[in-house]
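Participant: Input: one structure, supplied below.
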Amino acid sequence: MSGEEFFKLEPNPALGKKLTIVSLIVTVAVWALVGLMRGPTKIPLPEGVTLDFLPSVHAGLNCLVALFLILALVFVKQRKIQLHRLSISAAMVCSALFLLCYVAYHFTNEETKFGGEGFARTAYFVLLISHIVLAALSLPFILQTWIYGFTNQFDKHRKMAKLVFPVWLYVALTGPICYLMLQPYYGQ
């Protein structure tokens, strides 16, 4: 299907409303899960099992999200809508995998403390705090943008994507930067 044919598809706002309710439930569940994982109780793993490798997986998945988002932008500007949709779907899958790995790691491991000082410490915490806040706040908007595209509400999709895309990309890029800054302190 060509780009022009996609834009002629009939909008389905009724499905969009149902999916919005689901996305709000998912958002609240994710926020609750992330809040719980920050608690003092950690889930013990069987002897010899470790999830210490997951922070590098988180960074890799975030890099893939950023790559797929950039590809999605390129494809939509070229009006290659099928490739745009595939790229966004890949970004969503990588984001979901990131979330699962992130929660698994933080439910089973103590938080790693940043040991840097001075400007590095300030830069780390500015990036980390903005990353966390924007990741949490952007989730329902990312899902809603996807819903608008999926239900052929293209005007709403375009309008929201212009706001959501740079935030999602920022979150995807600052995650690996924070990982690289924190990486020397893992295992200490």
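Residue names in the structure tokens use chain letters A, B, ... in the order shown, residue numbers from 1 in each chain, and ligand numbers from 1 in the order shown.
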Fewer than 3 positions away in the same chain doesn't count, so skip those; otherwise give me all residues within 12 Å of A:Ala91, counting only C-alpha atoms, as a PyMOL selection string.
Facilitator: chain A and resi 61-73+84-88+94-98+142-143+146+165+168-169+172
Participant: With N, CA, C and O atoms retained, could you export that selection as a tab-separated table (two decimals), in the first residue's frame?
Facilitator:
chain	number	residue	atom	x	y	z
A	61	LEU	N	19.26	-1.87	24.05
A	61	LEU	CA	17.87	-1.74	23.62
A	61	LEU	C	17.49	-0.28	23.40
A	61	LEU	O	16.80	0.06	22.44
A	62	ASN	N	17.96	0.60	24.28
A	62	ASN	CA	17.69	2.03	24.10
A	62	ASN	C	18.34	2.55	22.82
A	62	ASN	O	17.77	3.39	22.12
A	63	CYS	N	19.54	2.08	22.51
A	63	CYS	CA	20.20	2.47	21.26
A	63	CYS	C	19.37	2.01	20.06
A	63	CYS	O	19.23	2.76	19.08
A	64	LEU	N	18.85	0.80	20.14
A	64	LEU	CA	17.99	0.30	19.05
A	64	LEU	C	16.72	1.14	18.92
A	64	LEU	O	16.28	1.44	17.81
A	65	VAL	N	16.13	1.51	20.06
A	65	VAL	CA	14.94	2.37	20.02
A	65	VAL	C	15.27	3.66	19.28
A	65	VAL	O	14.53	4.10	18.39
A	66	ALA	N	16.39	4.29	19.64
A	66	ALA	CA	16.79	5.54	18.98
A	66	ALA	C	16.97	5.33	17.48
A	66	ALA	O	16.50	6.14	16.66
A	67	LEU	N	17.64	4.25	17.10
A	67	LEU	CA	17.86	3.95	15.68
A	67	LEU	C	16.52	3.78	14.96
A	67	LEU	O	16.30	4.36	13.88
A	68	PHE	N	15.61	3.00	15.54
A	68	PHE	CA	14.31	2.76	14.89
A	68	PHE	C	13.48	4.04	14.81
A	68	PHE	O	12.75	4.26	13.85
A	69	LEU	N	13.60	4.90	15.82
A	69	LEU	CA	12.87	6.17	15.77
A	69	LEU	C	13.40	7.06	14.64
A	69	LEU	O	12.62	7.69	13.92
A	70	ILE	N	14.71	7.11	14.50
A	70	ILE	CA	15.29	7.92	13.42
A	70	ILE	C	14.89	7.35	12.06
A	70	ILE	O	14.52	8.10	11.15
A	71	LEU	N	14.93	6.02	11.94
A	71	LEU	CA	14.49	5.40	10.68
A	71	LEU	C	13.01	5.70	10.41
A	71	LEU	O	12.64	6.00	9.27
A	72	ALA	N	12.19	5.66	11.45
A	72	ALA	CA	10.77	5.97	11.28
A	72	ALA	C	10.56	7.38	10.76
A	72	ALA	O	9.73	7.61	9.88
A	73	LEU	N	11.35	8.30	11.28
A	73	LEU	CA	11.25	9.69	10.82
A	73	LEU	C	11.67	9.80	9.35
A	73	LEU	O	10.98	10.45	8.55
A	84	HIS	N	7.76	3.03	7.84
A	84	HIS	CA	7.58	3.86	9.04
A	84	HIS	C	6.89	3.06	10.14
A	84	HIS	O	7.35	3.03	11.28
A	85	ARG	N	5.80	2.40	9.78
A	85	ARG	CA	5.07	1.59	10.76
A	85	ARG	C	5.93	0.45	11.31
A	85	ARG	O	5.89	0.17	12.51
A	86	LEU	N	6.68	-0.19	10.44
A	86	LEU	CA	7.58	-1.27	10.91
A	86	LEU	C	8.63	-0.73	11.86
A	86	LEU	O	8.95	-1.37	12.88
A	87	SER	N	9.18	0.43	11.56
A	87	SER	CA	10.20	1.02	12.42
A	87	SER	C	9.63	1.41	13.78
A	87	SER	O	10.25	1.16	14.82
A	88	ILE	N	8.45	1.99	13.78
A	88	ILE	CA	7.81	2.36	15.04
A	88	ILE	C	7.47	1.09	15.82
A	88	ILE	O	7.66	1.04	17.05
A	94	CYS	N	11.24	-2.95	21.22
A	94	CYS	CA	12.49	-2.75	21.97
A	94	CYS	C	12.24	-2.02	23.28
A	94	CYS	O	12.85	-2.34	24.30
A	95	SER	N	11.33	-1.06	23.28
A	95	SER	CA	10.98	-0.34	24.51
A	95	SER	C	10.32	-1.28	25.51
A	95	SER	O	10.61	-1.22	26.72
A	96	ALA	N	9.44	-2.15	25.04
A	96	ALA	CA	8.79	-3.12	25.93
A	96	ALA	C	9.81	-4.11	26.51
A	96	ALA	O	9.78	-4.42	27.70
A	97	LEU	N	10.71	-4.59	25.66
A	97	LEU	CA	11.77	-5.49	26.14
A	97	LEU	C	12.66	-4.79	27.15
A	97	LEU	O	13.05	-5.36	28.18
A	98	PHE	N	12.98	-3.52	26.87
A	98	PHE	CA	13.77	-2.73	27.82
A	98	PHE	C	13.05	-2.70	29.17
A	98	PHE	O	13.66	-2.94	30.22
A	142	ILE	N	3.25	8.46	24.12
A	142	ILE	CA	3.78	7.56	23.09
A	142	ILE	C	2.68	6.57	22.68
A	142	ILE	O	2.44	6.37	21.48
A	143	LEU	N	2.03	5.99	23.67
A	143	LEU	CA	0.97	5.03	23.37
A	143	LEU	C	-0.19	5.69	22.62
A	143	LEU	O	-0.72	5.13	21.66
A	146	TRP	N	0.74	6.29	19.01
A	146	TRP	CA	0.65	5.03	18.28
A	146	TRP	C	-0.82	4.69	17.99
A	146	TRP	O	-1.15	4.27	16.87
A	165	PHE	N	7.83	12.66	19.51
A	165	PHE	CA	9.05	12.10	18.91
A	165	PHE	C	10.33	12.62	19.56
A	165	PHE	O	11.18	11.81	19.97
A	168	TRP	N	10.73	11.14	23.11
A	168	TRP	CA	11.04	9.71	23.10
A	168	TRP	C	12.48	9.49	22.65
A	168	TRP	O	13.21	8.69	23.23
A	169	LEU	N	12.91	10.23	21.63
A	169	LEU	CA	14.29	10.11	21.16
A	169	LEU	C	15.28	10.54	22.25
A	169	LEU	O	16.30	9.89	22.47
A	172	ALA	N	15.52	7.80	24.75
A	172	ALA	CA	16.27	6.66	24.20
A	172	ALA	C	17.77	6.94	24.15
A	172	ALA	O	18.58	6.03	24.32
Participant: Measuring atom to atom with only C-alpha atoms, identify which of A:Tyr124, A:Thr108, A:His157, A:Gly149 is nearest to A:Pro46.
Facilitator: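 Selected residue with least distance to A:Pro46: A:Thr108.
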Participant: Which residues, written as a PyMOL selection string, have at least one atom at most 8 Å from A:Phe114, with only C-alpha atoms counted and residues fewer than 6 positions away on the same chain left out?
Facilitator: chain A and resi 121+182+185
Participant: Sorted by chain and rising residue number, which residues of stretch 14-64 of chain A lie within 12 Å of stretch 128-134 of chain A, and what are their closest atom pairs and distances in Å to one decimal, counting only C-alpha atoms, as CSV?
Facilitator:
residue,atom,partner,partner_atom,distance
A:Trp31,CA,A:Val133,CA,11.3
A:Val34,CA,A:Ile132,CA,10.7
A:Gly35,CA,A:Ile132,CA,12.0
A:Asn62,CA,A:His131,CA,11.7
Participant: Restricted to all heavy atoms, what would the selected residues look like written as a PDB file, in the first residue's frame?
Facilitator:
ATOM      1  N   TRP A  31       3.736   2.375  35.858  1.00  0.00           N
ATOM      2  CA  TRP A  31       4.156   3.307  36.910  1.00  0.00           C
ATOM      3  C   TRP A  31       4.172   2.607  38.269  1.00  0.00           C
ATOM      4  O   TRP A  31       5.090   2.793  39.061  1.00  0.00           O
ATOM      5  CB  TRP A  31       3.243   4.520  36.955  1.00  0.00           C
ATOM      6  CG  TRP A  31       3.415   5.474  35.811  1.00  0.00           C
ATOM      7  CD1 TRP A  31       4.431   5.515  34.899  1.00  0.00           C
ATOM      8  CD2 TRP A  31       2.523   6.536  35.446  1.00  0.00           C
ATOM      9  NE1 TRP A  31       4.225   6.537  33.992  1.00  0.00           N
ATOM     10  CE2 TRP A  31       3.064   7.175  34.309  1.00  0.00           C
ATOM     11  CE3 TRP A  31       1.324   6.989  35.976  1.00  0.00           C
ATOM     12  CZ2 TRP A  31       2.442   8.260  33.702  1.00  0.00           C
ATOM     13  CZ3 TRP A  31       0.707   8.074  35.366  1.00  0.00           C
ATOM     14  CH2 TRP A  31       1.265   8.700  34.241  1.00  0.00           C
ATOM     15  N   VAL A  34       7.166   0.118  38.428  1.00  0.00           N
ATOM     16  CA  VAL A  34       8.428   0.837  38.599  1.00  0.00           C
ATOM     17  C   VAL A  34       8.529   1.379  40.023  1.00  0.00           C
ATOM     18  O   VAL A  34       9.603   1.333  40.633  1.00  0.00           O
ATOM     19  CB  VAL A  34       8.573   1.956  37.542  1.00  0.00           C
ATOM     20  CG1 VAL A  34       9.753   2.858  37.855  1.00  0.00           C
ATOM     21  CG2 VAL A  34       8.728   1.339  36.150  1.00  0.00           C
ATOM     22  N   GLY A  35       7.426   1.850  40.575  1.00  0.00           N
ATOM     23  CA  GLY A  35       7.437   2.306  41.959  1.00  0.00           C
ATOM     24  C   GLY A  35       7.753   1.183  42.929  1.00  0.00           C
ATOM     25  O   GLY A  35       8.550   1.355  43.858  1.00  0.00           O
ATOM     26  N   ASN A  62      17.963   0.598  24.284  1.00  0.00           N
ATOM     27  CA  ASN A  62      17.692   2.026  24.096  1.00  0.00           C
ATOM     28  C   ASN A  62      18.343   2.553  22.818  1.00  0.00           C
ATOM     29  O   ASN A  62      17.765   3.387  22.118  1.00  0.00           O
ATOM     30  CB  ASN A  62      18.154   2.839  25.310  1.00  0.00           C
ATOM     31  CG  ASN A  62      17.049   3.066  26.302  1.00  0.00           C
ATOM     32  OD1 ASN A  62      15.906   3.286  25.937  1.00  0.00           O
ATOM     33  ND2 ASN A  62      17.385   3.017  27.577  1.00  0.00           N
TER      34      ASN A  62
END
Participant: Atom CA of A:Ile177 and atom CA of A:Glu117, how far apart in Å?
Facilitator: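 Answer for the atom CA of A:Glu117 to atom CA of A:Ile177 separation: 16.7 Å.
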Participant: Can you pull out every residue within 8 Å of A:Phe107, counting only C-alpha atoms, but drop anything in the same chain fewer than 2 positions away, and send it as a PyMOL selection string?
Facilitator: chain A and resi 37-38+41-43+103-105+109
Participant: Those residues you just picked out, can you put them in a file as a CSV table (one decimal), in the first residue's frame with N, CA, C and O atoms?
Facilitator:
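Written output follows (selection_19.csv):
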chain,number,residue,atom,x,y,z
A,37,MET,N,9.5,-1.6,42.3
A,37,MET,CA,10.8,-2.1,42.2
A,37,MET,C,11.8,-1.2,42.9
A,37,MET,O,12.9,-1.6,43.2
A,38,ARG,N,11.4,0.1,43.2
A,38,ARG,CA,12.3,1.0,43.9
A,38,ARG,C,12.3,0.7,45.4
A,38,ARG,O,13.0,1.3,46.2
A,41,THR,N,12.7,-4.2,49.3
A,41,THR,CA,12.7,-5.6,49.2
A,41,THR,C,13.1,-6.1,47.8
A,41,THR,O,12.5,-5.6,46.8
A,42,LYS,N,14.1,-6.9,47.7
A,42,LYS,CA,14.6,-7.4,46.5
A,42,LYS,C,14.2,-8.9,46.4
A,42,LYS,O,14.2,-9.6,47.4
A,43,ILE,N,14.0,-9.4,45.2
A,43,ILE,CA,13.6,-10.8,45.0
A,43,ILE,C,14.9,-11.6,44.9
A,43,ILE,O,15.8,-11.3,44.0
A,103,VAL,N,12.9,-3.8,34.8
A,103,VAL,CA,12.2,-4.2,36.0
A,103,VAL,C,12.8,-5.5,36.6
A,103,VAL,O,13.0,-5.5,37.8
A,104,ALA,N,13.1,-6.4,35.8
A,104,ALA,CA,13.7,-7.7,36.3
A,104,ALA,C,15.0,-7.4,37.0
A,104,ALA,O,15.3,-7.9,38.1
A,105,TYR,N,15.9,-6.5,36.5
A,105,TYR,CA,17.1,-6.1,37.1
A,105,TYR,C,16.9,-5.4,38.4
A,105,TYR,O,17.5,-5.8,39.4
A,109,ASN,N,18.3,-6.6,42.1
A,109,ASN,CA,19.6,-6.0,42.4
A,109,ASN,C,19.5,-4.7,43.1
A,109,ASN,O,18.5,-3.9,42.8
Participant: Please return as a PyMOL selection string: the residues of stretch 24-66 of chain A that backbone DSSP assigns to helix (DSSP H, G or I).
Facilitator: chain A and resi 24-37+54-66
Participant: Taking only C-alpha atoms into account, name the residue in A:Leu9, A:Met160, A:Ile147, A:Val167 that is nearest to A:Val22.
Facilitator: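 Ranking A:Leu9, A:Met160, A:Ile147, A:Val167 by distance to A:Val22, first place goes to A:Ile147.
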Participant: Of the candidates A:Ala59, A:Ala32, A:Leu83, A:Leu15, which one gets nearest to A:Tyr148 if we count only C-alpha atoms?
Facilitator: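 The answer is A:Leu15, which sits nearest to A:Tyr148.
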Participant: May I ask for the distance between atom CA of A:Phe75 and atom CA of A:Ala90, given in Å to one decimal place?
Facilitator: 13.5 Å
